[in-house]
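model.pdb follows; it contains PDB, N, CA and C atoms.
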MODEL        1
ATOM      1  N   MET P1005     115.191  83.830  89.356  1.00  0.00           N
ATOM      2  CA  MET P1005     115.448  83.196  90.627  1.00  0.00           C
ATOM      3  C   MET P1005     114.155  82.963  91.413  1.00  0.00           C
ATOM      4  N   ALA P1006     113.272  83.965  91.473  1.00  0.00           N
ATOM      5  CA  ALA P1006     112.017  83.817  92.221  1.00  0.00           C
ATOM      6  C   ALA P1006     111.138  82.737  91.611  1.00  0.00           C
ATOM      7  N   LYS P1007     111.124  82.651  90.293  1.00  0.00           N
ATOM      8  CA  LYS P1007     110.273  81.668  89.633  1.00  0.00           C
ATOM      9  C   LYS P1007     110.694  80.241  89.973  1.00  0.00           C
ATOM     10  N   ALA P1008     111.963  80.031  90.223  1.00  0.00           N
ATOM     11  CA  ALA P1008     112.477  78.698  90.547  1.00  0.00           C
ATOM     12  C   ALA P1008     112.301  78.356  92.025  1.00  0.00           C
ATOM     13  N   SER P1009     111.893  79.323  92.827  1.00  0.00           N
ATOM     14  CA  SER P1009     111.733  79.122  94.268  1.00  0.00           C
ATOM     15  C   SER P1009     110.264  78.944  94.628  1.00  0.00           C
ATOM     16  N   GLU P1010     110.031  78.327  95.758  1.00  0.00           N
ATOM     17  CA  GLU P1010     108.691  78.203  96.316  1.00  0.00           C
ATOM     18  C   GLU P1010     108.586  79.141  97.511  1.00  0.00           C
ATOM     19  N   PRO P1011     107.381  79.671  97.790  1.00  0.00           N
ATOM     20  CA  PRO P1011     107.223  80.518  98.988  1.00  0.00           C
ATOM     21  C   PRO P1011     107.511  79.713 100.250  1.00  0.00           C
ATOM     22  N   ARG P1012     107.897  80.410 101.301  1.00  0.00           N
ATOM     23  CA  ARG P1012     108.158  79.708 102.566  1.00  0.00           C
ATOM     24  C   ARG P1012     106.863  79.095 103.089  1.00  0.00           C
ATOM     25  N   ALA P1013     106.992  78.192 104.035  1.00  0.00           N
ATOM     26  CA  ALA P1013     105.830  77.497 104.597  1.00  0.00           C
ATOM     27  C   ALA P1013     104.848  78.496 105.205  1.00  0.00           C
ATOM     28  N   LEU P1014     103.580  78.206 105.053  1.00  0.00           N
ATOM     29  CA  LEU P1014     102.526  79.076 105.585  1.00  0.00           C
ATOM     30  C   LEU P1014     102.299  78.808 107.068  1.00  0.00           C
ATOM     31  N   PRO P1015     101.882  79.834 107.811  1.00  0.00           N
ATOM     32  CA  PRO P1015     101.548  79.612 109.217  1.00  0.00           C
ATOM     33  C   PRO P1015     100.250  78.818 109.340  1.00  0.00           C
ATOM     34  N   THR P1016     100.016  78.268 110.507  1.00  0.00           N
ATOM     35  CA  THR P1016      98.774  77.556 110.770  1.00  0.00           C
ATOM     36  C   THR P1016      97.612  78.528 110.697  1.00  0.00           C
ATOM     37  N   SER P1017      96.574  78.147 109.981  1.00  0.00           N
ATOM     38  CA  SER P1017      95.421  79.027 109.792  1.00  0.00           C
ATOM     39  C   SER P1017      94.414  78.892 110.925  1.00  0.00           C
ATOM     40  N   THR P1018      93.665  79.971 111.120  1.00  0.00           N
ATOM     41  CA  THR P1018      92.561  79.976 112.071  1.00  0.00           C
ATOM     42  C   THR P1018      91.255  79.977 111.279  1.00  0.00           C
ATOM     43  N   GLU P1019      90.170  79.662 111.921  1.00  0.00           N
ATOM     44  CA  GLU P1019      88.861  79.673 111.276  1.00  0.00           C
ATOM     45  C   GLU P1019      88.497  81.091 110.864  1.00  0.00           C
ATOM     46  N   HIS P1020      87.851  81.228 109.715  1.00  0.00           N
ATOM     47  CA  HIS P1020      87.399  82.550 109.287  1.00  0.00           C
ATOM     48  C   HIS P1020      86.012  82.422 108.663  1.00  0.00           C
ATOM     49  N   GLY P1021      85.020  82.271 109.510  1.00  0.00           N
ATOM     50  CA  GLY P1021      83.641  82.178 109.037  1.00  0.00           C
ATOM     51  C   GLY P1021      83.442  81.039 108.056  1.00  0.00           C
ATOM     52  N   LEU P1022      82.823  81.334 106.928  1.00  0.00           N
ATOM     53  CA  LEU P1022      82.519  80.313 105.928  1.00  0.00           C
ATOM     54  C   LEU P1022      83.593  80.193 104.858  1.00  0.00           C
ATOM     55  N   LEU P1023      84.669  80.949 104.987  1.00  0.00           N
ATOM     56  CA  LEU P1023      85.737  80.902 103.989  1.00  0.00           C
ATOM     57  C   LEU P1023      86.711  79.774 104.314  1.00  0.00           C
ATOM     58  N   HIS P1024      87.225  79.130 103.266  1.00  0.00           N
ATOM     59  CA  HIS P1024      88.101  77.976 103.440  1.00  0.00           C
ATOM     60  C   HIS P1024      89.397  78.168 102.660  1.00  0.00           C
ATOM     61  N   ILE P1025      90.457  77.597 103.159  1.00  0.00           N
ATOM     62  CA  ILE P1025      91.740  77.629 102.467  1.00  0.00           C
ATOM     63  C   ILE P1025      91.560  76.985 101.091  1.00  0.00           C
ATOM     64  N   GLY P1026      92.109  77.612 100.065  1.00  0.00           N
ATOM     65  CA  GLY P1026      91.972  77.122  98.704  1.00  0.00           C
ATOM     66  C   GLY P1026      90.818  77.751  97.940  1.00  0.00           C
ATOM     67  N   GLN P1027      89.969  78.475  98.631  1.00  0.00           N
ATOM     68  CA  GLN P1027      88.814  79.136  98.019  1.00  0.00           C
ATOM     69  C   GLN P1027      89.256  80.459  97.384  1.00  0.00           C
ATOM     70  N   VAL P1028      88.616  80.841  96.296  1.00  0.00           N
ATOM     71  CA  VAL P1028      88.868  82.146  95.684  1.00  0.00           C
ATOM     72  C   VAL P1028      88.185  83.206  96.537  1.00  0.00           C
ATOM     73  N   VAL P1029      88.961  84.220  96.930  1.00  0.00           N
ATOM     74  CA  VAL P1029      88.458  85.280  97.805  1.00  0.00           C
ATOM     75  C   VAL P1029      88.835  86.645  97.234  1.00  0.00           C
ATOM     76  N   GLN P1030      88.229  87.669  97.798  1.00  0.00           N
ATOM     77  CA  GLN P1030      88.597  89.046  97.488  1.00  0.00           C
ATOM     78  C   GLN P1030      89.079  89.718  98.767  1.00  0.00           C
ATOM     79  N   VAL P1031      90.155  90.478  98.649  1.00  0.00           N
ATOM     80  CA  VAL P1031      90.697  91.250  99.765  1.00  0.00           C
ATOM     81  C   VAL P1031      90.725  92.705  99.313  1.00  0.00           C
ATOM     82  N   ALA P1032      90.124  93.592 100.131  1.00  0.00           N
ATOM     83  CA  ALA P1032      90.063  95.011  99.771  1.00  0.00           C
ATOM     84  C   ALA P1032      90.378  95.868 100.987  1.00  0.00           C
ATOM     85  N   PRO P1033      91.125  96.954 100.789  1.00  0.00           N
ATOM     86  CA  PRO P1033      91.365  97.891 101.887  1.00  0.00           C
ATOM     87  C   PRO P1033      90.070  98.621 102.232  1.00  0.00           C
ATOM     88  N   LEU P1034      89.910  98.958 103.484  1.00  0.00           N
ATOM     89  CA  LEU P1034      88.693  99.639 103.928  1.00  0.00           C
ATOM     90  C   LEU P1034      88.824 101.155 103.934  1.00  0.00           C
ATOM     91  N   ASP P1035      90.046 101.674 103.914  1.00  0.00           N
ATOM     92  CA  ASP P1035      90.206 103.111 104.116  1.00  0.00           C
ATOM     93  C   ASP P1035      90.487 103.922 102.857  1.00  0.00           C
ATOM     94  N   TYR P1036      90.907 103.299 101.783  1.00  0.00           N
ATOM     95  CA  TYR P1036      91.190 104.054 100.560  1.00  0.00           C
ATOM     96  C   TYR P1036      91.145 103.101  99.367  1.00  0.00           C
ATOM     97  N   GLY P1037      90.864 103.613  98.211  1.00  0.00           N
ATOM     98  CA  GLY P1037      90.919 102.800  97.003  1.00  0.00           C
ATOM     99  C   GLY P1037      89.839 101.757  96.881  1.00  0.00           C
ATOM    100  N   VAL P1038      89.653 100.980  97.892  1.00  0.00           N
ATOM    101  CA  VAL P1038      88.663  99.906  97.990  1.00  0.00           C
ATOM    102  C   VAL P1038      88.550  99.113  96.680  1.00  0.00           C
ATOM    103  N   VAL P1039      89.677  98.851  96.062  1.00  0.00           N
ATOM    104  CA  VAL P1039      89.718  98.015  94.863  1.00  0.00           C
ATOM    105  C   VAL P1039      90.222  96.648  95.302  1.00  0.00           C
ATOM    106  N   PRO P1040      89.355  95.633  95.252  1.00  0.00           N
ATOM    107  CA  PRO P1040      89.766  94.320  95.755  1.00  0.00           C
ATOM    108  C   PRO P1040      90.712  93.598  94.802  1.00  0.00           C
ATOM    109  N   ILE P1041      91.518  92.705  95.377  1.00  0.00           N
ATOM    110  CA  ILE P1041      92.260  91.744  94.573  1.00  0.00           C
ATOM    111  C   ILE P1041      91.545  90.411  94.735  1.00  0.00           C
ATOM    112  N   THR P1042      91.490  89.638  93.695  1.00  0.00           N
ATOM    113  CA  THR P1042      90.848  88.323  93.740  1.00  0.00           C
ATOM    114  C   THR P1042      91.933  87.274  93.572  1.00  0.00           C
ATOM    115  N   ARG P1043      92.112  86.458  94.597  1.00  0.00           N
ATOM    116  CA  ARG P1043      93.162  85.435  94.613  1.00  0.00           C
ATOM    117  C   ARG P1043      92.679  84.231  95.420  1.00  0.00           C
ATOM    118  N   THR P1044      93.527  83.225  95.530  1.00  0.00           N
ATOM    119  CA  THR P1044      93.220  82.018  96.286  1.00  0.00           C
ATOM    120  C   THR P1044      93.670  82.186  97.731  1.00  0.00           C
ATOM    121  N   LEU P1045      92.769  81.916  98.673  1.00  0.00           N
ATOM    122  CA  LEU P1045      93.100  82.032 100.091  1.00  0.00           C
ATOM    123  C   LEU P1045      94.109  80.951 100.465  1.00  0.00           C
ATOM    124  N   ALA P1046      95.273  81.387 100.953  1.00  0.00           N
ATOM    125  CA  ALA P1046      96.328  80.452 101.318  1.00  0.00           C
ATOM    126  C   ALA P1046      96.392  80.223 102.828  1.00  0.00           C
ATOM    127  N   ALA P1047      96.126  81.278 103.616  1.00  0.00           N
ATOM    128  CA  ALA P1047      96.151  81.162 105.082  1.00  0.00           C
ATOM    129  C   ALA P1047      95.492  82.389 105.694  1.00  0.00           C
ATOM    130  N   VAL P1048      94.965  82.210 106.891  1.00  0.00           N
ATOM    131  CA  VAL P1048      94.436  83.318 107.693  1.00  0.00           C
ATOM    132  C   VAL P1048      94.926  83.097 109.109  1.00  0.00           C
ATOM    133  N   THR P1049      95.561  84.110 109.679  1.00  0.00           N
ATOM    134  CA  THR P1049      95.985  84.030 111.070  1.00  0.00           C
ATOM    135  C   THR P1049      95.253  85.119 111.844  1.00  0.00           C
ATOM    136  N   GLU P1050      95.588  85.254 113.087  1.00  0.00           N
ATOM    137  CA  GLU P1050      94.978  86.287 113.915  1.00  0.00           C
ATOM    138  C   GLU P1050      95.247  87.684 113.353  1.00  0.00           C
ATOM    139  N   ASN P1051      96.391  87.868 112.702  1.00  0.00           N
ATOM    140  CA  ASN P1051      96.798  89.195 112.231  1.00  0.00           C
ATOM    141  C   ASN P1051      96.924  89.352 110.721  1.00  0.00           C
ATOM    142  N   ARG P1052      96.953  88.239 109.974  1.00  0.00           N
ATOM    143  CA  ARG P1052      97.243  88.324 108.543  1.00  0.00           C
ATOM    144  C   ARG P1052      96.275  87.520 107.689  1.00  0.00           C
ATOM    145  N   ILE P1053      96.048  88.043 106.500  1.00  0.00           N
ATOM    146  CA  ILE P1053      95.353  87.332 105.430  1.00  0.00           C
ATOM    147  C   ILE P1053      96.430  87.071 104.377  1.00  0.00           C
ATOM    148  N   ILE P1054      96.571  85.833 103.945  1.00  0.00           N
ATOM    149  CA  ILE P1054      97.595  85.494 102.959  1.00  0.00           C
ATOM    150  C   ILE P1054      96.910  84.844 101.768  1.00  0.00           C
ATOM    151  N   VAL P1055      97.118  85.436 100.593  1.00  0.00           N
ATOM    152  CA  VAL P1055      96.535  84.890  99.376  1.00  0.00           C
ATOM    153  C   VAL P1055      97.652  84.469  98.437  1.00  0.00           C
ATOM    154  N   ALA P1056      97.374  83.439  97.631  1.00  0.00           N
ATOM    155  CA  ALA P1056      98.349  82.947  96.666  1.00  0.00           C
ATOM    156  C   ALA P1056      98.056  83.546  95.302  1.00  0.00           C
ATOM    157  N   TRP P1057      99.108  83.922  94.620  1.00  0.00           N
ATOM    158  CA  TRP P1057      99.011  84.532  93.308  1.00  0.00           C
ATOM    159  C   TRP P1057      99.946  83.796  92.377  1.00  0.00           C
ATOM    160  N   GLN P1058      99.433  83.305  91.271  1.00  0.00           N
ATOM    161  CA  GLN P1058     100.234  82.611  90.267  1.00  0.00           C
ATOM    162  C   GLN P1058     100.661  83.618  89.205  1.00  0.00           C
ATOM    163  N   SER P1059     101.942  83.768  89.024  1.00  0.00           N
ATOM    164  CA  SER P1059     102.482  84.710  88.055  1.00  0.00           C
ATOM    165  C   SER P1059     103.336  83.949  87.049  1.00  0.00           C
ATOM    166  N   SER P1060     103.125  84.203  85.769  1.00  0.00           N
ATOM    167  CA  SER P1060     103.949  83.532  84.761  1.00  0.00           C
ATOM    168  C   SER P1060     105.401  83.990  84.857  1.00  0.00           C
ATOM    169  N   GLU P1061     105.600  85.193  85.342  1.00  0.00           N
ATOM    170  CA  GLU P1061     106.950  85.736  85.446  1.00  0.00           C
ATOM    171  C   GLU P1061     107.683  85.279  86.709  1.00  0.00           C
ATOM    172  N   PHE P1062     106.943  85.165  87.838  1.00  0.00           N
ATOM    173  CA  PHE P1062     107.582  84.883  89.118  1.00  0.00           C
ATOM    174  C   PHE P1062     107.171  83.567  89.768  1.00  0.00           C
ATOM    175  N   GLY P1063     106.231  82.831  89.205  1.00  0.00           N
ATOM    176  CA  GLY P1063     105.757  81.593  89.820  1.00  0.00           C
ATOM    177  C   GLY P1063     104.724  81.879  90.896  1.00  0.00           C
ATOM    178  N   THR P1064     104.722  81.091  91.969  1.00  0.00           N
ATOM    179  CA  THR P1064     103.770  81.265  93.060  1.00  0.00           C
ATOM    180  C   THR P1064     104.263  82.331  94.033  1.00  0.00           C
ATOM    181  N   LEU P1065     103.401  83.305  94.301  1.00  0.00           N
ATOM    182  CA  LEU P1065     103.702  84.357  95.264  1.00  0.00           C
ATOM    183  C   LEU P1065     102.653  84.331  96.361  1.00  0.00           C
ATOM    184  N   HIS P1066     103.045  84.643  97.582  1.00  0.00           N
ATOM    185  CA  HIS P1066     102.098  84.801  98.684  1.00  0.00           C
ATOM    186  C   HIS P1066     102.044  86.278  99.047  1.00  0.00           C
ATOM    187  N   VAL P1067     100.856  86.850  98.961  1.00  0.00           N
ATOM    188  CA  VAL P1067     100.647  88.265  99.281  1.00  0.00           C
ATOM    189  C   VAL P1067     100.048  88.336 100.680  1.00  0.00           C
ATOM    190  N   HIS P1068     100.678  89.097 101.558  1.00  0.00           N
ATOM    191  CA  HIS P1068     100.247  89.223 102.951  1.00  0.00           C
ATOM    192  C   HIS P1068      99.545  90.557 103.151  1.00  0.00           C
ATOM    193  N   CYS P1069      98.365  90.534 103.762  1.00  0.00           N
ATOM    194  CA  CYS P1069      97.630  91.743 104.129  1.00  0.00           C
ATOM    195  C   CYS P1069      97.327  91.656 105.620  1.00  0.00           C
ATOM    196  N   LEU P1070      97.351  92.790 106.284  1.00  0.00           N
ATOM    197  CA  LEU P1070      96.939  92.806 107.683  1.00  0.00           C
ATOM    198  C   LEU P1070      95.437  92.570 107.765  1.00  0.00           C
ATOM    199  N   CYS P1071      94.985  91.907 108.796  1.00  0.00           N
ATOM    200  CA  CYS P1071      93.538  91.729 108.975  1.00  0.00           C
ATOM    201  C   CYS P1071      92.873  93.067 109.276  1.00  0.00           C
ATOM    202  N   ALA P1072      93.526  93.880 110.109  1.00  0.00           N
ATOM    203  CA  ALA P1072      92.981  95.192 110.445  1.00  0.00           C
ATOM    204  C   ALA P1072      93.048  96.083 109.218  1.00  0.00           C
ATOM    205  N   GLY P1073      91.919  96.641 108.839  1.00  0.00           N
ATOM    206  CA  GLY P1073      91.887  97.566 107.730  1.00  0.00           C
ATOM    207  C   GLY P1073      91.618  96.936 106.375  1.00  0.00           C
ATOM    208  N   TYR P1074      91.396  95.627 106.342  1.00  0.00           N
ATOM    209  CA  TYR P1074      91.086  94.932 105.086  1.00  0.00           C
ATOM    210  C   TYR P1074      89.834  94.084 105.254  1.00  0.00           C
ATOM    211  N   LEU P1075      89.074  93.970 104.195  1.00  0.00           N
ATOM    212  CA  LEU P1075      87.856  93.166 104.183  1.00  0.00           C
ATOM    213  C   LEU P1075      88.125  91.914 103.362  1.00  0.00           C
ATOM    214  N   LEU P1076      87.820  90.753 103.914  1.00  0.00           N
ATOM    215  CA  LEU P1076      87.994  89.471 103.244  1.00  0.00           C
ATOM    216  C   LEU P1076      86.620  88.889 102.963  1.00  0.00           C
ATOM    217  N   THR P1077      86.322  88.634 101.696  1.00  0.00           N
ATOM    218  CA  THR P1077      85.025  88.079 101.294  1.00  0.00           C
ATOM    219  C   THR P1077      85.220  86.982 100.256  1.00  0.00           C
ATOM    220  N   ALA P1078      84.190  86.167 100.057  1.00  0.00           N
ATOM    221  CA  ALA P1078      84.236  85.144  99.012  1.00  0.00           C
ATOM    222  C   ALA P1078      84.346  85.833  97.669  1.00  0.00           C
ATOM    223  N   GLY P1079      85.117  85.248  96.764  1.00  0.00           N
ATOM    224  CA  GLY P1079      85.365  85.858  95.471  1.00  0.00           C
ATOM    225  C   GLY P1079      84.399  85.422  94.434  1.00  0.00           C
TER     226      GLY P1079
ENDMDL
END
Could you show the structure in this file as C-alpha cells?
Amino acid sequence: MAKASEPRALPTSTEHGLLHIGQVVQVAPLDYGVVPITRTLAAVTENRIIVAWQSSEFGTLHVHCLCAGYLLTAG
C-alpha cells in the first residue's frame, strides 16, 4: 500500500545557507550516535529538516527530523 502512495505535499521551504532543495545532504543527531543519514533534501522549515528516501520496498518516503539537535550539511 505505501509503495503505491506518494508522500503528502511538502511545506514551503525556508533558506538554509548554501544548501538547496534536491541536493544530497547529511543529517546527524548532535547528542548521541552522531551517525549521519545521507539523503536528498526535500524541504527545510523553521522547525524541520525533511529528506527524501527512495526505497524499493516502500517507494518514496519523507523522513522528518527536528532542526534542534540535528546537524544538516552537504552530503
Residues of segment 1033-1057 of chain P within 6.5 Å of segment 1012-1020 of chain P: nearest atom pair and distance (Å, one decimal) for each, counting only N, CA and C atoms, sorted by chain and number, as JSON lines?
{"residue": "P:Ala1047", "atom": "CA", "partner": "P:Ser1017", "partner_atom": "CA", "distance": 5.2}
{"residue": "P:Val1048", "atom": "C", "partner": "P:Thr1018", "partner_atom": "N", "distance": 3.9}
{"residue": "P:Thr1049", "atom": "CA", "partner": "P:Thr1018", "partner_atom": "N", "distance": 4.7}
{"residue": "P:Glu1050", "atom": "N", "partner": "P:Thr1018", "partner_atom": "N", "distance": 6.0}
Restricting it to N, CA and C atoms, dump the selection as a PDB file, keeping the file's coordinate frame.
ATOM      1  N   ALA P1047      96.126  81.278 103.616  1.00  0.00           N
ATOM      2  CA  ALA P1047      96.151  81.162 105.082  1.00  0.00           C
ATOM      3  C   ALA P1047      95.492  82.389 105.694  1.00  0.00           C
ATOM      4  N   VAL P1048      94.965  82.210 106.891  1.00  0.00           N
ATOM      5  CA  VAL P1048      94.436  83.318 107.693  1.00  0.00           C
ATOM      6  C   VAL P1048      94.926  83.097 109.109  1.00  0.00           C
ATOM      7  N   THR P1049      95.561  84.110 109.679  1.00  0.00           N
ATOM      8  CA  THR P1049      95.985  84.030 111.070  1.00  0.00           C
ATOM      9  C   THR P1049      95.253  85.119 111.844  1.00  0.00           C
ATOM     10  N   GLU P1050      95.588  85.254 113.087  1.00  0.00           N
ATOM     11  CA  GLU P1050      94.978  86.287 113.915  1.00  0.00           C
ATOM     12  C   GLU P1050      95.247  87.684 113.353  1.00  0.00           C
TER      13      GLU P1050
END
Give the strand (DSSP E or B) residues of segment 1024-1073 of chain P, as assigned by DSSP on the backbone, as a VMD selection string.
chain P and resid 1028 to 1033 1041 to 1048 1052 to 1059 1063 to 1070
Once you have the residues from the selection above, write them out as a PDB file, in the frame of the given file, restricted to N, CA and C atoms.
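Final output, out-v3.pdb:
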ATOM      1  N   VAL P1028      88.616  80.841  96.296  1.00  0.00           N
ATOM      2  CA  VAL P1028      88.868  82.146  95.684  1.00  0.00           C
ATOM      3  C   VAL P1028      88.185  83.206  96.537  1.00  0.00           C
ATOM      4  N   VAL P1029      88.961  84.220  96.930  1.00  0.00           N
ATOM      5  CA  VAL P1029      88.458  85.280  97.805  1.00  0.00           C
ATOM      6  C   VAL P1029      88.835  86.645  97.234  1.00  0.00           C
ATOM      7  N   GLN P1030      88.229  87.669  97.798  1.00  0.00           N
ATOM      8  CA  GLN P1030      88.597  89.046  97.488  1.00  0.00           C
ATOM      9  C   GLN P1030      89.079  89.718  98.767  1.00  0.00           C
ATOM     10  N   VAL P1031      90.155  90.478  98.649  1.00  0.00           N
ATOM     11  CA  VAL P1031      90.697  91.250  99.765  1.00  0.00           C
ATOM     12  C   VAL P1031      90.725  92.705  99.313  1.00  0.00           C
ATOM     13  N   ALA P1032      90.124  93.592 100.131  1.00  0.00           N
ATOM     14  CA  ALA P1032      90.063  95.011  99.771  1.00  0.00           C
ATOM     15  C   ALA P1032      90.378  95.868 100.987  1.00  0.00           C
ATOM     16  N   PRO P1033      91.125  96.954 100.789  1.00  0.00           N
ATOM     17  CA  PRO P1033      91.365  97.891 101.887  1.00  0.00           C
ATOM     18  C   PRO P1033      90.070  98.621 102.232  1.00  0.00           C
ATOM     19  N   ILE P1041      91.518  92.705  95.377  1.00  0.00           N
ATOM     20  CA  ILE P1041      92.260  91.744  94.573  1.00  0.00           C
ATOM     21  C   ILE P1041      91.545  90.411  94.735  1.00  0.00           C
ATOM     22  N   THR P1042      91.490  89.638  93.695  1.00  0.00           N
ATOM     23  CA  THR P1042      90.848  88.323  93.740  1.00  0.00           C
ATOM     24  C   THR P1042      91.933  87.274  93.572  1.00  0.00           C
ATOM     25  N   ARG P1043      92.112  86.458  94.597  1.00  0.00           N
ATOM     26  CA  ARG P1043      93.162  85.435  94.613  1.00  0.00           C
ATOM     27  C   ARG P1043      92.679  84.231  95.420  1.00  0.00           C
ATOM     28  N   THR P1044      93.527  83.225  95.530  1.00  0.00           N
ATOM     29  CA  THR P1044      93.220  82.018  96.286  1.00  0.00           C
ATOM     30  C   THR P1044      93.670  82.186  97.731  1.00  0.00           C
ATOM     31  N   LEU P1045      92.769  81.916  98.673  1.00  0.00           N
ATOM     32  CA  LEU P1045      93.100  82.032 100.091  1.00  0.00           C
ATOM     33  C   LEU P1045      94.109  80.951 100.465  1.00  0.00           C
ATOM     34  N   ALA P1046      95.273  81.387 100.953  1.00  0.00           N
ATOM     35  CA  ALA P1046      96.328  80.452 101.318  1.00  0.00           C
ATOM     36  C   ALA P1046      96.392  80.223 102.828  1.00  0.00           C
ATOM     37  N   ALA P1047      96.126  81.278 103.616  1.00  0.00           N
ATOM     38  CA  ALA P1047      96.151  81.162 105.082  1.00  0.00           C
ATOM     39  C   ALA P1047      95.492  82.389 105.694  1.00  0.00           C
ATOM     40  N   VAL P1048      94.965  82.210 106.891  1.00  0.00           N
ATOM     41  CA  VAL P1048      94.436  83.318 107.693  1.00  0.00           C
ATOM     42  C   VAL P1048      94.926  83.097 109.109  1.00  0.00           C
ATOM     43  N   ARG P1052      96.953  88.239 109.974  1.00  0.00           N
ATOM     44  CA  ARG P1052      97.243  88.324 108.543  1.00  0.00           C
ATOM     45  C   ARG P1052      96.275  87.520 107.689  1.00  0.00           C
ATOM     46  N   ILE P1053      96.048  88.043 106.500  1.00  0.00           N
ATOM     47  CA  ILE P1053      95.353  87.332 105.430  1.00  0.00           C
ATOM     48  C   ILE P1053      96.430  87.071 104.377  1.00  0.00           C
ATOM     49  N   ILE P1054      96.571  85.833 103.945  1.00  0.00           N
ATOM     50  CA  ILE P1054      97.595  85.494 102.959  1.00  0.00           C
ATOM     51  C   ILE P1054      96.910  84.844 101.768  1.00  0.00           C
ATOM     52  N   VAL P1055      97.118  85.436 100.593  1.00  0.00           N
ATOM     53  CA  VAL P1055      96.535  84.890  99.376  1.00  0.00           C
ATOM     54  C   VAL P1055      97.652  84.469  98.437  1.00  0.00           C
ATOM     55  N   ALA P1056      97.374  83.439  97.631  1.00  0.00           N
ATOM     56  CA  ALA P1056      98.349  82.947  96.666  1.00  0.00           C
ATOM     57  C   ALA P1056      98.056  83.546  95.302  1.00  0.00           C
ATOM     58  N   TRP P1057      99.108  83.922  94.620  1.00  0.00           N
ATOM     59  CA  TRP P1057      99.011  84.532  93.308  1.00  0.00           C
ATOM     60  C   TRP P1057      99.946  83.796  92.377  1.00  0.00           C
ATOM     61  N   GLN P1058      99.433  83.305  91.271  1.00  0.00           N
ATOM     62  CA  GLN P1058     100.234  82.611  90.267  1.00  0.00           C
ATOM     63  C   GLN P1058     100.661  83.618  89.205  1.00  0.00           C
ATOM     64  N   SER P1059     101.942  83.768  89.024  1.00  0.00           N
ATOM     65  CA  SER P1059     102.482  84.710  88.055  1.00  0.00           C
ATOM     66  C   SER P1059     103.336  83.949  87.049  1.00  0.00           C
ATOM     67  N   GLY P1063     106.231  82.831  89.205  1.00  0.00           N
ATOM     68  CA  GLY P1063     105.757  81.593  89.820  1.00  0.00           C
ATOM     69  C   GLY P1063     104.724  81.879  90.896  1.00  0.00           C
ATOM     70  N   THR P1064     104.722  81.091  91.969  1.00  0.00           N
ATOM     71  CA  THR P1064     103.770  81.265  93.060  1.00  0.00           C
ATOM     72  C   THR P1064     104.263  82.331  94.033  1.00  0.00           C
ATOM     73  N   LEU P1065     103.401  83.305  94.301  1.00  0.00           N
ATOM     74  CA  LEU P1065     103.702  84.357  95.264  1.00  0.00           C
ATOM     75  C   LEU P1065     102.653  84.331  96.361  1.00  0.00           C
ATOM     76  N   HIS P1066     103.045  84.643  97.582  1.00  0.00           N
ATOM     77  CA  HIS P1066     102.098  84.801  98.684  1.00  0.00           C
ATOM     78  C   HIS P1066     102.044  86.278  99.047  1.00  0.00           C
ATOM     79  N   VAL P1067     100.856  86.850  98.961  1.00  0.00           N
ATOM     80  CA  VAL P1067     100.647  88.265  99.281  1.00  0.00           C
ATOM     81  C   VAL P1067     100.048  88.336 100.680  1.00  0.00           C
ATOM     82  N   HIS P1068     100.678  89.097 101.558  1.00  0.00           N
ATOM     83  CA  HIS P1068     100.247  89.223 102.951  1.00  0.00           C
ATOM     84  C   HIS P1068      99.545  90.557 103.151  1.00  0.00           C
ATOM     85  N   CYS P1069      98.365  90.534 103.762  1.00  0.00           N
ATOM     86  CA  CYS P1069      97.630  91.743 104.129  1.00  0.00           C
ATOM     87  C   CYS P1069      97.327  91.656 105.620  1.00  0.00           C
ATOM     88  N   LEU P1070      97.351  92.790 106.284  1.00  0.00           N
ATOM     89  CA  LEU P1070      96.939  92.806 107.683  1.00  0.00           C
ATOM     90  C   LEU P1070      95.437  92.570 107.765  1.00  0.00           C
TER      91      LEU P1070
END
So, with all atoms listed in the file as the atoms that count, which of P:Glu1010, P:Gly1073, P:Thr1044, P:Gln1027 lies closest to Gln1058 of chain P?
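Between P:Glu1010, P:Gly1073, P:Thr1044, P:Gln1027, the residue approaching Gln1058 of chain P most closely is P:Thr1044.
What the PyMOL selection byres (((chain P and resi 1046 and name CA) around 6) and name CA) grabs from this file is Ile1025, Leu1045, Ala1047, Ile1054, Val1055 and Ala1056 of chain P.
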Extract, using only N, CA and C atoms, all DNA, RNA and protein residues at most 8 Å from Pro1040 of chain P, discarding same-chain residues fewer than 2 positions from it, and format them as a list in words.
Val1029, Gln1030, Val1031, Ala1032, Pro1033, Gly1037, Val1038, Thr1042 and Arg1043 of chain P
Quick one, how far is atom CA of Val1039 of chain P from atom CA of Ser1060 of chain P?
22.7 Å
Going by the chain IDs and residue numbers used in this file, which residues fall under the PyMOL selection byres ((chain P and resi 1063) around 8)? Write them as a ChimeraX atom specification.
/P:1006-1011,1057-1062,1064-1066
Would you work out the distance separating atom C of Ile1041 of chain P from atom N of Leu1022 of chain P, expressed in Å to one decimal?
17.5 Å
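Pairwise distance (atom CA of His1024 of chain P, atom N of Tyr1036 of chain P) equals 25.5 Å.
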Residue with smallest distance to Leu1034 of chain P - pool P:Ala1072, P:Ile1053, P:Ala1078, P:Val1067, counting all atoms listed in the file
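Checking each candidate against Leu1034 of chain P, we get P:Ala1072 as the closest.
When only C-alpha atoms are used to measure the gap to Arg1052 of chain P, the shortest distance among P:Asp1035, P:Thr1077, P:Gly1021, P:Cys1071 belongs to P:Cys1071.
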